[in-house]
Amino acid sequence: MKIDESKLDSIIKKYNNEQGSLISILQDIQVEYKYLPREAMDHVAKSLQIPRVQVFGVATFFKAFSLKPKGKQQIHVCMGTACHVRGSKMVLEELERKLGIKAGDTTQDNEYTLETVNCVGACALGPVVVKNEEYRGQMTPIKVESLLGTKIAKR
Amino acid sequence: MSKKVEKSRGEMISFMLNGAEVQADPKWSLLEAIQFYGISIPTLCHDEGLTPYGVCRMCVVEVGNGNRTKLVASCMHPVTGGLNVRTHTSRVIKTRKMILELLIARCPSSKKLQDMAAMLELKEVRFDPLNDDCILCGLCVRMCEEQMVAKAIGYAGRGMDRYITTPFDMTSDECRKCGACMFICPVCELRCQGPQAETTLCSGCINTEPVCASIYGEAMCFMVPCLSCIKKPEDVKA
């Protein structure tokens, strides 16, 4: 993958090349690319003069960072206790069936990324599905089709 | 300890070690002081040339008075005045055995762990063996960083999924293939493939009958002392 180094440099410069700002830098890179490209992490390690393995360790430690490319639309299914009790598992299974991927994966056309989260803090609305930071409460397997739109229904 | 005096360098401070008052350099760790006085306590993730890491917890000692005692990892605990340290109380021994049991359940094939089990007289492992090949002691990571100055390996992941790897799980340019990580690894060396090679715990030669006698007779006994052998070390040498 081609990485725009000047873009990375401006992010790193924003944090004054500080080694302690590694997480903030990675977060900004993730906002830019939706995931952490390996070349970008190499560049960060070189600029901050820290071992590459340290950057890799931090990137794998936090669940907020992703090393795999994400789809354009991100779907998070809440698997918290309240949502689980009200049937979030069925919603997840329906999504997996419709998209043809397992939780944590991205569809081949890079359109959808399906992930599970443990609580989104909207337990009264459960089961909750978050699509592109838009919260959908009281989800059922039937509502999944309208969530995804017509495009995916043809599959 | 109410009279807190700033200690100058090299001035010894005194604390209680197994009931005896001893002196130690304030720069030492508790483990160094204990070893200085010739008390042997098991260690696993500790190495003299590396910074202490305090993860294996094999070096636990009991610190404190009366009912208010606690277990601390001596390799990470500083020597402070007025400490009351006990290295072989029943609580400490019980804890050490439990820790070793968990470690062996993770890596039953390690010679170092099995030897330590024999030393601590561990009789059983009550956990299902994981048959992993790493106990995450961090010796290789510290060796690579501090002694080899390569920083080629480190941790990735978190919690149960934590593992040691090279950057991006790929062959890295930083690694010079010096092999120091394998040299220091406590679980790389496989245990002896003796009569109980498949069990979780071999317990050295303590729990087994002296099986070598029927096969090799009096020749080829290189285990001095064997612990299970009827022969004493001086008999073997002669």
# chains A, B, ... in the order shown; residues from 1 in each chain; ligands from 1
>>> residues_around(residues="Ala40 of chain A", least_positions_apart="5", cutoff="8 Å", atoms="only C-alpha atoms", output="ChimeraX atom specification")
/A:3,5,8,29
>>> closest_atom_pairs(of="chain A", to="chain B", cutoff="7 Å", atoms="only C-alpha atoms", output="JSON lines")
{"residue": "A:Pro51", "atom": "CA", "partner": "B:Lys151", "partner_atom": "CA", "distance": 6.1}
{"residue": "A:Arg52", "atom": "CA", "partner": "B:Pro167", "partner_atom": "CA", "distance": 6.0}
{"residue": "A:Val53", "atom": "CA", "partner": "B:Pro167", "partner_atom": "CA", "distance": 4.4}
{"residue": "A:Gln54", "atom": "CA", "partner": "B:Gly154", "partner_atom": "CA", "distance": 6.7}
{"residue": "A:Phe56", "atom": "CA", "partner": "B:Pro167", "partner_atom": "CA", "distance": 5.8}
{"residue": "A:Gly57", "atom": "CA", "partner": "B:Ala156", "partner_atom": "CA", "distance": 4.4}
{"residue": "A:Thr60", "atom": "CA", "partner": "B:Gly157", "partner_atom": "CA", "distance": 4.8}
{"residue": "A:Phe61", "atom": "CA", "partner": "B:Gly157", "partner_atom": "CA", "distance": 4.6}
>>> select_by_dssp(residues="segment 36-140 of chain A", states="helix (DSSP H, G or I)", output="ChimeraX atom specification")
/A:38-48,52-61,81-85,88-99,123-125
>>> write_last_selection(atoms="N, CA and C atoms", output="tab-separated table (two decimals), in the first residue's frame")
chain	number	residue	atom	x	y	z
A	38	ARG	N	0.75	-1.15	7.71
A	38	ARG	CA	2.06	-1.55	8.25
A	38	ARG	C	3.13	-0.51	7.92
A	39	GLU	N	3.07	0.03	6.70
A	39	GLU	CA	4.07	1.01	6.30
A	39	GLU	C	3.99	2.26	7.18
A	40	ALA	N	2.74	2.63	7.55
A	40	ALA	CA	2.57	3.80	8.40
A	40	ALA	C	3.19	3.57	9.77
A	41	MET	N	3.01	2.35	10.30
A	41	MET	CA	3.57	2.05	11.62
A	41	MET	C	5.09	2.02	11.56
A	42	ASP	N	5.63	1.50	10.45
A	42	ASP	CA	7.09	1.52	10.26
A	42	ASP	C	7.59	2.96	10.30
A	43	HIS	N	6.87	3.83	9.61
A	43	HIS	CA	7.29	5.22	9.53
A	43	HIS	C	7.22	5.89	10.90
A	44	VAL	N	6.17	5.59	11.64
A	44	VAL	CA	6.04	6.17	12.99
A	44	VAL	C	7.20	5.72	13.87
A	45	ALA	N	7.51	4.40	13.79
A	45	ALA	CA	8.59	3.88	14.62
A	45	ALA	C	9.91	4.56	14.29
A	46	LYS	N	10.13	4.77	13.01
A	46	LYS	CA	11.39	5.40	12.58
A	46	LYS	C	11.45	6.86	13.05
A	47	SER	N	10.31	7.57	12.90
A	47	SER	CA	10.30	8.98	13.26
A	47	SER	C	10.44	9.19	14.76
A	48	LEU	N	9.78	8.33	15.53
A	48	LEU	CA	9.82	8.51	16.98
A	48	LEU	C	11.03	7.82	17.61
A	52	ARG	N	10.24	-1.02	16.34
A	52	ARG	CA	9.02	-1.32	15.59
A	52	ARG	C	8.10	-2.24	16.38
A	53	VAL	N	8.74	-3.15	17.14
A	53	VAL	CA	7.93	-4.13	17.84
A	53	VAL	C	7.10	-3.46	18.94
A	54	GLN	N	7.58	-2.33	19.42
A	54	GLN	CA	6.81	-1.61	20.44
A	54	GLN	C	5.55	-1.01	19.83
A	55	VAL	N	5.70	-0.45	18.64
A	55	VAL	CA	4.54	0.10	17.95
A	55	VAL	C	3.54	-1.02	17.66
A	56	PHE	N	4.08	-2.15	17.21
A	56	PHE	CA	3.21	-3.29	16.92
A	56	PHE	C	2.50	-3.78	18.19
A	57	GLY	N	3.25	-3.81	19.29
A	57	GLY	CA	2.67	-4.25	20.55
A	57	GLY	C	1.53	-3.35	20.99
A	58	VAL	N	1.72	-2.05	20.87
A	58	VAL	CA	0.67	-1.11	21.26
A	58	VAL	C	-0.53	-1.26	20.33
A	59	ALA	N	-0.25	-1.42	19.04
A	59	ALA	CA	-1.34	-1.51	18.07
A	59	ALA	C	-2.16	-2.78	18.26
A	60	THR	N	-1.51	-3.86	18.72
A	60	THR	CA	-2.28	-5.09	18.93
A	60	THR	C	-2.91	-5.14	20.31
A	61	PHE	N	-2.36	-4.34	21.23
A	61	PHE	CA	-2.88	-4.36	22.60
A	61	PHE	C	-4.30	-3.80	22.66
A	81	THR	N	-24.84	-7.75	28.11
A	81	THR	CA	-25.78	-8.64	28.80
A	81	THR	C	-27.23	-8.35	28.40
A	82	ALA	N	-27.61	-7.07	28.45
A	82	ALA	CA	-29.00	-6.72	28.17
A	82	ALA	C	-29.36	-7.07	26.73
A	83	CYS	N	-28.45	-6.76	25.81
A	83	CYS	CA	-28.71	-7.06	24.41
A	83	CYS	C	-28.73	-8.56	24.17
A	84	HIS	N	-27.82	-9.27	24.84
A	84	HIS	CA	-27.74	-10.71	24.68
A	84	HIS	C	-29.04	-11.37	25.11
A	85	VAL	N	-29.58	-10.90	26.26
A	85	VAL	CA	-30.81	-11.48	26.79
A	85	VAL	C	-31.96	-11.25	25.81
A	88	SER	N	-29.55	-10.57	20.86
A	88	SER	CA	-28.59	-9.99	19.92
A	88	SER	C	-27.85	-11.07	19.13
A	89	LYS	N	-27.81	-12.28	19.69
A	89	LYS	CA	-27.11	-13.36	19.00
A	89	LYS	C	-27.79	-13.69	17.68
A	90	MET	N	-29.11	-13.67	17.71
A	90	MET	CA	-29.86	-13.97	16.49
A	90	MET	C	-29.64	-12.87	15.46
A	91	VAL	N	-29.57	-11.62	15.95
A	91	VAL	CA	-29.33	-10.50	15.04
A	91	VAL	C	-27.97	-10.65	14.38
A	92	LEU	N	-26.98	-11.03	15.20
A	92	LEU	CA	-25.63	-11.20	14.67
A	92	LEU	C	-25.59	-12.32	13.64
A	93	GLU	N	-26.26	-13.43	13.96
A	93	GLU	CA	-26.27	-14.55	13.03
A	93	GLU	C	-26.92	-14.17	11.72
A	94	GLU	N	-28.00	-13.39	11.81
A	94	GLU	CA	-28.68	-12.95	10.59
A	94	GLU	C	-27.76	-12.05	9.76
A	95	LEU	N	-27.03	-11.16	10.44
A	95	LEU	CA	-26.10	-10.27	9.74
A	95	LEU	C	-25.00	-11.10	9.08
A	96	GLU	N	-24.48	-12.09	9.82
A	96	GLU	CA	-23.42	-12.93	9.26
A	96	GLU	C	-23.91	-13.66	8.02
A	97	ARG	N	-25.14	-14.11	8.09
A	97	ARG	CA	-25.71	-14.84	6.96
A	97	ARG	C	-25.89	-13.92	5.77
A	98	LYS	N	-26.43	-12.74	6.04
A	98	LYS	CA	-26.72	-11.80	4.96
A	98	LYS	C	-25.43	-11.31	4.29
A	99	LEU	N	-24.44	-11.02	5.11
A	99	LEU	CA	-23.20	-10.47	4.56
A	99	LEU	C	-22.25	-11.56	4.09
A	123	CYS	N	-28.40	0.18	26.89
A	123	CYS	CA	-28.97	-1.13	27.22
A	123	CYS	C	-30.50	-1.11	27.15
A	124	ALA	N	-31.13	0.03	27.43
A	124	ALA	CA	-32.58	0.10	27.40
A	124	ALA	C	-33.12	-0.12	26.00
A	125	LEU	N	-32.28	0.13	25.00
A	125	LEU	CA	-32.72	0.01	23.61
A	125	LEU	C	-32.46	-1.39	23.04
>>> select_by_dssp(residues="segment 11-233 of chain B", states="strand (DSSP E or B)", output="compact mmCIF listing (two decimals) with C-alpha atoms, in the first residue's frame")
# COMPACT_ATOMS: atom_id res chain seq x y z
CA ILE B 13 20.28 -0.51 56.24
CA SER B 14 19.10 -3.32 58.44
CA PHE B 15 16.02 -5.47 58.23
CA MET B 16 14.83 -8.80 59.57
CA LEU B 17 15.40 -11.85 57.38
CA ALA B 20 17.79 -12.59 62.01
CA GLU B 21 18.78 -8.98 61.70
CA VAL B 22 20.80 -8.44 58.54
CA GLN B 23 22.35 -5.51 56.73
CA ALA B 24 21.83 -4.70 53.09
CA SER B 29 16.41 -5.59 45.55
CA VAL B 60 7.54 -14.55 46.47
CA VAL B 61 8.42 -13.89 50.08
CA GLU B 62 6.24 -12.93 53.01
CA VAL B 63 6.69 -9.42 54.31
CA GLY B 64 5.14 -7.80 57.34
CA ASN B 65 4.35 -8.46 60.97
CA ARG B 68 -0.70 -7.98 58.50
CA THR B 69 1.61 -9.86 56.19
CA LYS B 70 1.61 -9.83 52.44
CA LEU B 71 3.32 -11.72 49.68
CA VAL B 72 5.64 -9.70 47.48
CA ALA B 73 7.81 -10.60 44.53
CA PRO B 78 13.23 -2.66 47.39
CA ASN B 84 10.34 -8.33 58.33
CA VAL B 85 10.99 -10.84 55.57
CA ARG B 86 10.33 -14.57 55.74
CA SER B 110 10.04 -27.65 29.95
CA GLY B 154 8.33 -7.97 21.92
CA TYR B 155 4.83 -8.62 23.08
CA ALA B 156 1.71 -8.49 21.00
CA TYR B 163 2.32 -13.67 22.81
CA ILE B 164 5.89 -12.88 21.92
CA THR B 165 6.64 -12.03 18.34
CA LEU B 190 12.86 -30.10 26.65
>>> residues_around(residues="segment 116-121 of chain A", least_positions_apart="5", cutoff="6 Å", atoms="only C-alpha atoms", output="PyMOL selection string")
chain A and resi 76-80
>>> atom_distance(atom1="atom CA of Arg136 of chain A", atom2="atom CA of Arg86 of chain A")
14.1 Å
>>> decode(residues="segment 103-120 of chain B", atoms="C-alpha atoms", output="CSV table (one decimal), in the first residue's frame")
chain,number,residue,atom,x,y,z
B,103,LEU,CA,3.3,-22.8,34.9
B,104,ILE,CA,3.8,-26.5,34.4
B,105,ALA,CA,0.2,-26.9,33.3
B,106,ARG,CA,1.0,-24.4,30.6
B,107,CYS,CA,4.3,-25.9,29.5
B,108,PRO,CA,4.8,-29.5,30.7
B,109,SER,CA,7.6,-30.1,28.3
B,110,SER,CA,10.0,-27.7,29.9
B,111,LYS,CA,13.1,-29.1,31.7
B,112,LYS,CA,13.6,-26.1,33.9
B,113,LEU,CA,10.1,-26.1,35.2
B,114,GLN,CA,10.1,-29.9,35.8
B,115,ASP,CA,13.4,-29.6,37.6
B,116,MET,CA,12.0,-26.8,39.7
B,117,ALA,CA,9.0,-29.0,40.5
B,118,ALA,CA,11.3,-31.7,41.7
B,119,MET,CA,13.2,-29.2,43.8
B,120,LEU,CA,10.0,-27.8,45.4
